[in-house]
Structure formats: C-alpha cells, structure tokens
2 protein chains.
Amino acid sequence: MFKNGISIIGAGNVAYHIAKAINNAGYNIIQIISRTRNTAEELANEINAEGIDDFQKIDLSVDLIIIAVHDDDIINVISKINFGNSLLVHTAGSVDMNIFEPYIINYGVFYPVQTFSKAREIDFSDIPICIEANNNSNQNLLLQFAEKICKNVSIINSNQRKKIHLAAVFANNFVNHMYHISSNLLSDEGISYDILKPLIKETAMKVMDNTPNEMQTGPALRNDNIIIKKHLEMLNNYKELQKIYRFVSENIKEINK
Amino acid sequence: MFKNGISIIGAGNVAYHIAKAINNAGYNIIQIISRTRNTAEELANEINAEGIDDFQKIDLSVDLIIIAVHDDDIINVISKINFGNSLLVHTAGSVDMNIFEPYIINYGVFYPVQTFSKAREIDFSDIPICIEANNNSNQNLLLQFAEKICKNVSIINSNQRKKIHLAAVFANNFVNHMYHISSNLLSDEGISYDILKPLIKETAMKVMDNTPNEMQTGPALRNDNIIIKKHLEMLNNYKELQKIYRFVSENIKEINK
C-alpha cells in the first residue's frame, strides 16, 4: 500500500520523528514541505526525499500527505492549496477532524500520543496512535498504515482525542512544570537537581504497573497539616508556588477523602 | 565497622527497603522493632533478624539504630526510651536533626531521596542518601556506612534537607497527582490510561539528560490562549481541576516570560 509514497508538510519535532518512523518502516517519502527551505531540506536529506518551500509545487500524486505543523497553521495549509483527491491527515491532539471538511475530500487524523524533541531518538513502535477518518475506506487505509509503524493503534473520535490531549497536558506539560519547580527550589539552595532524578524515574515507573491512585503518598494524602503548613511557610517568597502547592494538596485530600 | 550489627525501628515501606539494602550489603541486622509484632516478625524473618514489639527489649549493644517510622512518631520513640550511648538516625526528609538533642547523645539523619512501596523492588545503590550527624565522628561513621550501600551520598544539613523534601513533594506527590487527574479524565471517556504510559515515561526520561526548563512544551509555553480556553471549558464540571489548570498554566507562562 501507499506505493506512490507519502509527503509531509512541516519539518519540526513531530514531522521529524514521523518521517524517520515512516522511512524506517520502508515507505517512500517523496517531499518534505516547509516554509523555510533549509529546515525542509535538512530533514529531507536524512530520508532521501525532496525538501521544498514552495507549496505550489506539492506533488499531489502521493498516497498520503501528513500535515505536521503548529495547530494554528493547519487551516492556512488546507485552505490555500487545492489538494484534489489526495488523502490528508493532521497530527494534532486538539484540532477537530472537521477542520478539513470545507476544503478536502479525503481526510483524517494521525495523532501520536507522545512528546517529541529532535535531540532524543524515540522508539516509534511503542507510541499509541489515534486514528480518525472521514469514511470507512480512508479509516482502513490509515489503520493499515499506522499498524505498520506502531503496535498500539486505536480508532478515536475528535471529542475523545481532545480529552486525551487535555489529559496529556496534565501528564506531560504540568508534570514537567512540577519538575521545573522542584529544580528551581533546589538551585536556590545550591543543590544539584541530580538528587531528584532517581525519584522522578521511580515515580513514573510506579504507574506503569499500578494506578496513580494506589501509588500516591506524601503529606496531603496523610492529611499531615503540620508539614503542609511548614511547606507553605517555606514558599512565602513564592506566592505563585504557594497557590499551586495549596490547590494541588487540597485536590489530593479531596479525591482521597 | 558496625560489627555489633544494626537494628531498625519500624517495619513499613522505608524500613523494609532499608533493611533489605543493609542486609544485602553484608551487615548484620539484629532486631526489627515495631508496635505490631506480626509486621516486625514478617520483615525480621526475611533478613534473619529478631522481630519484637516490646520497646523495652531493644538491644542497645548494636552499633546503629535506624528509626524508620512516621514523622510524627519519631518523638514518641526517642523520648520514651533511654538509648544511652547508642547511635540513632531517623530517615525523614522534613524532620530537623535537633529533634534528638534533648534525649539522645549520638545521633544523625539517613534520608534516602526516593519513594518506596513494598510491591516494587528497587536498586538501593542508585538512591541519593542525605547524611547529617551531631559531630564529625558520627558523621564519618554514617558516611562510611552509607557509602557501602549507595553510590550517591551527600552531607546535607537540616535546612537543605527540608528543601529537598519540599522539592520532592512537587516532583513525586504532585507529579503523581497529575497522573491521577489525567487518568480520571480518560476514564470519564472510557479510554484506558495505558494510552498515556509511553508519554509519562518519556516525560520523565527527558529530564534525565536535560533541564525541565529546556524540555517544556504545550499550550501554556506557546501562550496558546485559544487552546487554554477550550481546555478550561472542558473542565467546566471540575472546578478544582480548572483552578489547577489555570494556576499551573499561568506559572508556566510567568516563568518562561
């Protein structure tokens, strides 16, 4: 399938990792299209594709075009070019599939539930992929395609996908911000952040085989108001962190009542 | 050193993992002392020690007594028994070392920066240990002892240790609560929490080699107020989560301004 190849619009973190994974799965990538020629060519060179910045030169004979640009830019891409019968997917967690409807005939979504950075190689086969399409035939195409790349593919509608994206903001962005806060608290004392790394790793590994609910510990769970009060005092110079500490602790108490 | 053996007061998660690690390092554990005989004996049997519930029968001829009980119970243990010249340490992140001063002659702290549960085996040698003692001679004893068990031992005073504990609340308890929230959001939609596991693992692994600051992504960092507004609307039935979402997002924006 997809014998005419696949093209990718975008050359950022998501585009980079999808391109690598598709290429490794044996598919032909024809074009990498990006507003900046250099970044398009840089990625294209790695996977033996053509890198272009002229959106009028997009090759429409390919079997699939993957749009991996910022959420806000998707509309610009699909509204300004006539894609004819080409099958298009976007890769965004929070963008409804029906964004395509006024412009595109064959479309869907290919959403990898993962955080990407170019600096880190990642095993794409472990990443859960959420698939959605405008009809059964496109859905089957995308499903077969995704299953060539990953072990964990689900059909997920736009509303469910948005919930997954919201959950991912908590599990990824907000978690990372908690790491950031803890790192700042330590650097104030001249203590290396390294001291928390085994704890961070174990906290994540614990919820691989257990629910987060079962794994909770700490002052808020124990309703240890003496420690909570001491911690709030230690945060006296950080009013924003006090608020976060207070609300998260209250929510832990509330949920575990 | 410590040829007369070591005893442990407490038989919970921390006591369990410390006892195992000490035993594996070749030290003799003499007694496990706990208010409930069964739990004392259960742990004692695993490491060929004596399990007792009578605090009057504590063997004071050992070289070190490790108090691994709940923070609030430490004072009860040390104030009610005459420990003579015995060297005592507690294992609590948030309890000042000077809690010992009125009652004990030789004392210190042995604080492992990790989260423990009996269900999960853990490589103790990777755990950072914070050591503090009431004099140089005790500090050297504890340092040598800790270095037999772990690769990463630091001398940390009580104020620094409390800061580490506070940072650990963010990096462990609050992170785990973010996992919990995300899991609840998914279960509302009938979606398995498994879909977030690779993301959770990668989010943690990313900060092993990079700072959390460098690794941040997401709507708050991008100042994407359209998505933030949509997310807050999706949380309309969860006022507490709305508050957490709002304050954490504001703090991400603020820190990255």
# chains A, B, ... in the order shown; residues from 1 in each chain; ligands from 1
$ select_by_dssp --residues "segment 1-190 of chain B" --states "helix (DSSP H, G or I)" --output "ChimeraX atom specification"
/B:13-24,37-46,55-57,71-80,97-99,124-126,136-149,158-188
$ residues_around --residues "Asn38 of chain A" --least-positions-apart "2" --cutoff "12 Å" --atoms "only C-alpha atoms" --output "number ranges by chain"
A: 10-12, 32-36, 40-45, 50-53
$ write_last_selection --atoms "N, CA, C and O atoms" --output "PDB file, in the first residue's frame"
ATOM      1  N   GLY A  10       5.646  20.247   6.997  1.00  0.00           N
ATOM      2  CA  GLY A  10       6.191  20.547   8.319  1.00  0.00           C
ATOM      3  C   GLY A  10       7.539  19.874   8.472  1.00  0.00           C
ATOM      4  O   GLY A  10       7.799  18.832   7.861  1.00  0.00           O
ATOM      5  N   ALA A  11       8.429  20.490   9.274  1.00  0.00           N
ATOM      6  CA  ALA A  11       9.753  19.899   9.476  1.00  0.00           C
ATOM      7  C   ALA A  11      10.200  20.075  10.930  1.00  0.00           C
ATOM      8  O   ALA A  11      11.385  20.053  11.236  1.00  0.00           O
ATOM      9  N   GLY A  12       9.224  20.242  11.822  1.00  0.00           N
ATOM     10  CA  GLY A  12       9.522  20.404  13.254  1.00  0.00           C
ATOM     11  C   GLY A  12       9.698  19.054  13.942  1.00  0.00           C
ATOM     12  O   GLY A  12       9.939  18.036  13.288  1.00  0.00           O
ATOM     13  N   ILE A  32       9.313  16.744   1.655  1.00  0.00           N
ATOM     14  CA  ILE A  32       9.135  17.448   2.930  1.00  0.00           C
ATOM     15  C   ILE A  32       8.894  18.907   2.555  1.00  0.00           C
ATOM     16  O   ILE A  32       9.731  19.532   1.899  1.00  0.00           O
ATOM     17  N   ILE A  33       7.734  19.421   2.942  1.00  0.00           N
ATOM     18  CA  ILE A  33       7.371  20.784   2.558  1.00  0.00           C
ATOM     19  C   ILE A  33       7.358  21.659   3.816  1.00  0.00           C
ATOM     20  O   ILE A  33       6.681  21.327   4.802  1.00  0.00           O
ATOM     21  N   SER A  34       8.123  22.743   3.781  1.00  0.00           N
ATOM     22  CA  SER A  34       8.156  23.634   4.936  1.00  0.00           C
ATOM     23  C   SER A  34       8.325  25.066   4.466  1.00  0.00           C
ATOM     24  O   SER A  34       8.859  25.319   3.386  1.00  0.00           O
ATOM     25  N   ARG A  35       7.868  26.031   5.252  1.00  0.00           N
ATOM     26  CA  ARG A  35       8.014  27.429   4.850  1.00  0.00           C
ATOM     27  C   ARG A  35       9.476  27.846   4.754  1.00  0.00           C
ATOM     28  O   ARG A  35       9.828  28.757   4.014  1.00  0.00           O
ATOM     29  N   THR A  36      10.325  27.203   5.565  1.00  0.00           N
ATOM     30  CA  THR A  36      11.756  27.512   5.465  1.00  0.00           C
ATOM     31  C   THR A  36      12.462  26.373   4.734  1.00  0.00           C
ATOM     32  O   THR A  36      12.454  25.234   5.166  1.00  0.00           O
ATOM     33  N   ALA A  40      13.371  22.267   5.629  1.00  0.00           N
ATOM     34  CA  ALA A  40      12.772  21.228   4.780  1.00  0.00           C
ATOM     35  C   ALA A  40      13.867  20.343   4.194  1.00  0.00           C
ATOM     36  O   ALA A  40      13.772  19.111   4.239  1.00  0.00           O
ATOM     37  N   GLU A  41      14.907  20.966   3.676  1.00  0.00           N
ATOM     38  CA  GLU A  41      15.983  20.192   3.041  1.00  0.00           C
ATOM     39  C   GLU A  41      16.776  19.367   4.033  1.00  0.00           C
ATOM     40  O   GLU A  41      17.198  18.247   3.744  1.00  0.00           O
ATOM     41  N   GLU A  42      16.966  19.954   5.216  1.00  0.00           N
ATOM     42  CA  GLU A  42      17.721  19.252   6.255  1.00  0.00           C
ATOM     43  C   GLU A  42      17.061  17.913   6.586  1.00  0.00           C
ATOM     44  O   GLU A  42      17.712  16.868   6.611  1.00  0.00           O
ATOM     45  N   LEU A  43      15.758  17.949   6.822  1.00  0.00           N
ATOM     46  CA  LEU A  43      15.045  16.706   7.137  1.00  0.00           C
ATOM     47  C   LEU A  43      14.972  15.806   5.897  1.00  0.00           C
ATOM     48  O   LEU A  43      15.203  14.593   5.980  1.00  0.00           O
ATOM     49  N   ALA A  44      14.672  16.420   4.747  1.00  0.00           N
ATOM     50  CA  ALA A  44      14.535  15.640   3.508  1.00  0.00           C
ATOM     51  C   ALA A  44      15.814  14.852   3.216  1.00  0.00           C
ATOM     52  O   ALA A  44      15.758  13.681   2.822  1.00  0.00           O
ATOM     53  N   ASN A  45      16.965  15.487   3.438  1.00  0.00           N
ATOM     54  CA  ASN A  45      18.241  14.819   3.158  1.00  0.00           C
ATOM     55  C   ASN A  45      18.428  13.552   3.998  1.00  0.00           C
ATOM     56  O   ASN A  45      19.028  12.579   3.547  1.00  0.00           O
ATOM     57  N   GLU A  50      12.700  14.941  -1.206  1.00  0.00           N
ATOM     58  CA  GLU A  50      12.937  16.288  -1.734  1.00  0.00           C
ATOM     59  C   GLU A  50      12.431  17.304  -0.703  1.00  0.00           C
ATOM     60  O   GLU A  50      11.331  17.142  -0.167  1.00  0.00           O
ATOM     61  N   GLY A  51      13.233  18.299  -0.423  1.00  0.00           N
ATOM     62  CA  GLY A  51      12.807  19.346   0.500  1.00  0.00           C
ATOM     63  C   GLY A  51      12.413  20.596  -0.257  1.00  0.00           C
ATOM     64  O   GLY A  51      13.214  21.127  -1.024  1.00  0.00           O
ATOM     65  N   ILE A  52      11.179  21.070  -0.090  1.00  0.00           N
ATOM     66  CA  ILE A  52      10.744  22.273  -0.825  1.00  0.00           C
ATOM     67  C   ILE A  52      10.067  23.273   0.106  1.00  0.00           C
ATOM     68  O   ILE A  52       9.568  22.910   1.175  1.00  0.00           O
ATOM     69  N   ASP A  53      10.077  24.543  -0.325  1.00  0.00           N
ATOM     70  CA  ASP A  53       9.370  25.566   0.446  1.00  0.00           C
ATOM     71  C   ASP A  53       8.231  26.187  -0.366  1.00  0.00           C
ATOM     72  O   ASP A  53       7.497  27.014   0.142  1.00  0.00           O
TER      73      ASP A  53
END
$ residues_around --residues "segment 150-156 of chain B" --least-positions-apart "2" --cutoff "9 Å" --atoms "only C-alpha atoms" --output "ChimeraX atom specification"
/A:195 /B:124-133,139,143,146-148,158-161
$ interface_residues --of "chain A" --to "chain B" --cutoff "7 Å" --atoms "only C-alpha atoms" --output "ChimeraX atom specification"
/A:113-115,126-128,160,163-164,166-180,182,185-186,189,195-201,203-204,208,212-213,216-218,231,240,244,247-248,251-252
$ write_last_selection --atoms "C-alpha atoms" --output "JSON list (two decimals), in the first residue's frame"
[["chain", "number", "residue", "atom", "x", "y", "z"],
["A", 113, "VAL", "CA", 0.33, 10.43, 21.95],
["A", 114, "GLN", "CA", 3.91, 11.38, 22.71],
["A", 115, "THR", "CA", 6.20, 14.34, 23.32],
["A", 126, "ASP", "CA", 5.76, 1.92, 21.33],
["A", 127, "ILE", "CA", 3.80, 5.12, 20.71],
["A", 128, "PRO", "CA", -0.01, 4.94, 20.88],
["A", 160, "GLN", "CA", -12.15, 11.61, 22.72],
["A", 163, "LYS", "CA", -9.82, 14.63, 26.10],
["A", 164, "ILE", "CA", -6.65, 12.61, 25.55],
["A", 166, "LEU", "CA", -6.13, 17.55, 27.77],
["A", 167, "ALA", "CA", -5.07, 14.56, 29.88],
["A", 168, "ALA", "CA", -1.66, 14.72, 28.18],
["A", 169, "VAL", "CA", -1.29, 18.37, 29.19],
["A", 170, "PHE", "CA", -1.58, 17.25, 32.82],
["A", 171, "ALA", "CA", 0.60, 14.13, 32.41],
["A", 172, "ASN", "CA", 3.28, 15.84, 30.34],
["A", 173, "ASN", "CA", 3.34, 19.67, 30.42],
["A", 174, "PHE", "CA", 2.17, 20.04, 34.02],
["A", 175, "VAL", "CA", 4.32, 17.15, 35.22],
["A", 176, "ASN", "CA", 7.32, 18.75, 33.54],
["A", 177, "HIS", "CA", 6.44, 22.03, 35.23],
["A", 178, "MET", "CA", 6.45, 20.28, 38.62],
["A", 179, "TYR", "CA", 9.96, 19.04, 37.74],
["A", 180, "HIS", "CA", 10.87, 22.62, 36.85],
["A", 182, "SER", "CA", 11.44, 21.34, 42.13],
["A", 185, "LEU", "CA", 13.71, 25.14, 44.69],
["A", 186, "LEU", "CA", 16.92, 23.10, 44.80],
["A", 189, "GLU", "CA", 19.90, 26.11, 47.96],
["A", 195, "ILE", "CA", 19.46, 14.35, 43.62],
["A", 196, "LEU", "CA", 15.82, 14.09, 42.43],
["A", 197, "LYS", "CA", 16.42, 12.06, 39.27],
["A", 198, "PRO", "CA", 16.02, 8.56, 40.74],
["A", 199, "LEU", "CA", 12.82, 9.75, 42.46],
["A", 200, "ILE", "CA", 11.44, 11.19, 39.21],
["A", 201, "LYS", "CA", 12.22, 7.98, 37.35],
["A", 203, "THR", "CA", 7.56, 7.96, 40.30],
["A", 204, "ALA", "CA", 6.94, 7.43, 36.58],
["A", 208, "MET", "CA", 3.36, 1.62, 34.63],
["A", 212, "PRO", "CA", -1.61, 6.63, 40.23],
["A", 213, "ASN", "CA", -4.30, 6.48, 42.89],
["A", 216, "GLN", "CA", 0.01, 8.28, 45.99],
["A", 217, "THR", "CA", 1.98, 9.12, 49.16],
["A", 218, "GLY", "CA", 3.00, 12.34, 50.93],
["A", 231, "HIS", "CA", 5.93, 23.86, 53.35],
["A", 240, "GLU", "CA", 2.50, 31.51, 42.88],
["A", 244, "ILE", "CA", -0.11, 25.65, 43.33],
["A", 247, "PHE", "CA", -4.62, 23.77, 45.39],
["A", 248, "VAL", "CA", -2.90, 20.55, 44.44],
["A", 251, "ASN", "CA", -7.29, 18.30, 45.49],
["A", 252, "ILE", "CA", -5.27, 15.29, 46.69]]
$ closest_residue --among "A:Lys80, A:Ile29, A:Ile18, A:Leu60" --to "Phe110 of chain A" --atoms "only C-alpha atoms"
A:Ile18
$ residues_around --residues "segment 134-137 of chain A" --least-positions-apart "3" --cutoff "8 Å" --atoms "only C-alpha atoms" --output "list of chain:residue names"
A:Asn106, A:Tyr107, A:Gly108, A:Asn140, A:Leu141
$ write_last_selection --atoms "N, CA and C atoms" --output "mmCIF file, in the first residue's frame"
data_model
loop_
_atom_site.group_PDB
_atom_site.id
_atom_site.type_symbol
_atom_site.label_atom_id
_atom_site.label_comp_id
_atom_site.auth_asym_id
_atom_site.auth_seq_id
_atom_site.Cartn_x
_atom_site.Cartn_y
_atom_site.Cartn_z
ATOM 1 N N ASN A 106 -10.761 13.781 0.962
ATOM 2 C CA ASN A 106 -10.341 12.596 1.733
ATOM 3 C C ASN A 106 -9.414 13.010 2.863
ATOM 4 N N TYR A 107 -9.852 12.743 4.097
ATOM 5 C CA TYR A 107 -9.057 13.265 5.206
ATOM 6 C C TYR A 107 -9.212 12.437 6.474
ATOM 7 N N GLY A 108 -8.331 12.733 7.409
ATOM 8 C CA GLY A 108 -8.360 12.022 8.683
ATOM 9 C C GLY A 108 -7.352 12.609 9.652
ATOM 10 N N ASN A 140 -9.716 2.546 7.019
ATOM 11 C CA ASN A 140 -8.981 1.287 6.845
ATOM 12 C C ASN A 140 -7.579 1.512 6.313
ATOM 13 N N LEU A 141 -7.465 2.436 5.361
ATOM 14 C CA LEU A 141 -6.142 2.781 4.838
ATOM 15 C C LEU A 141 -5.213 3.264 5.952
#
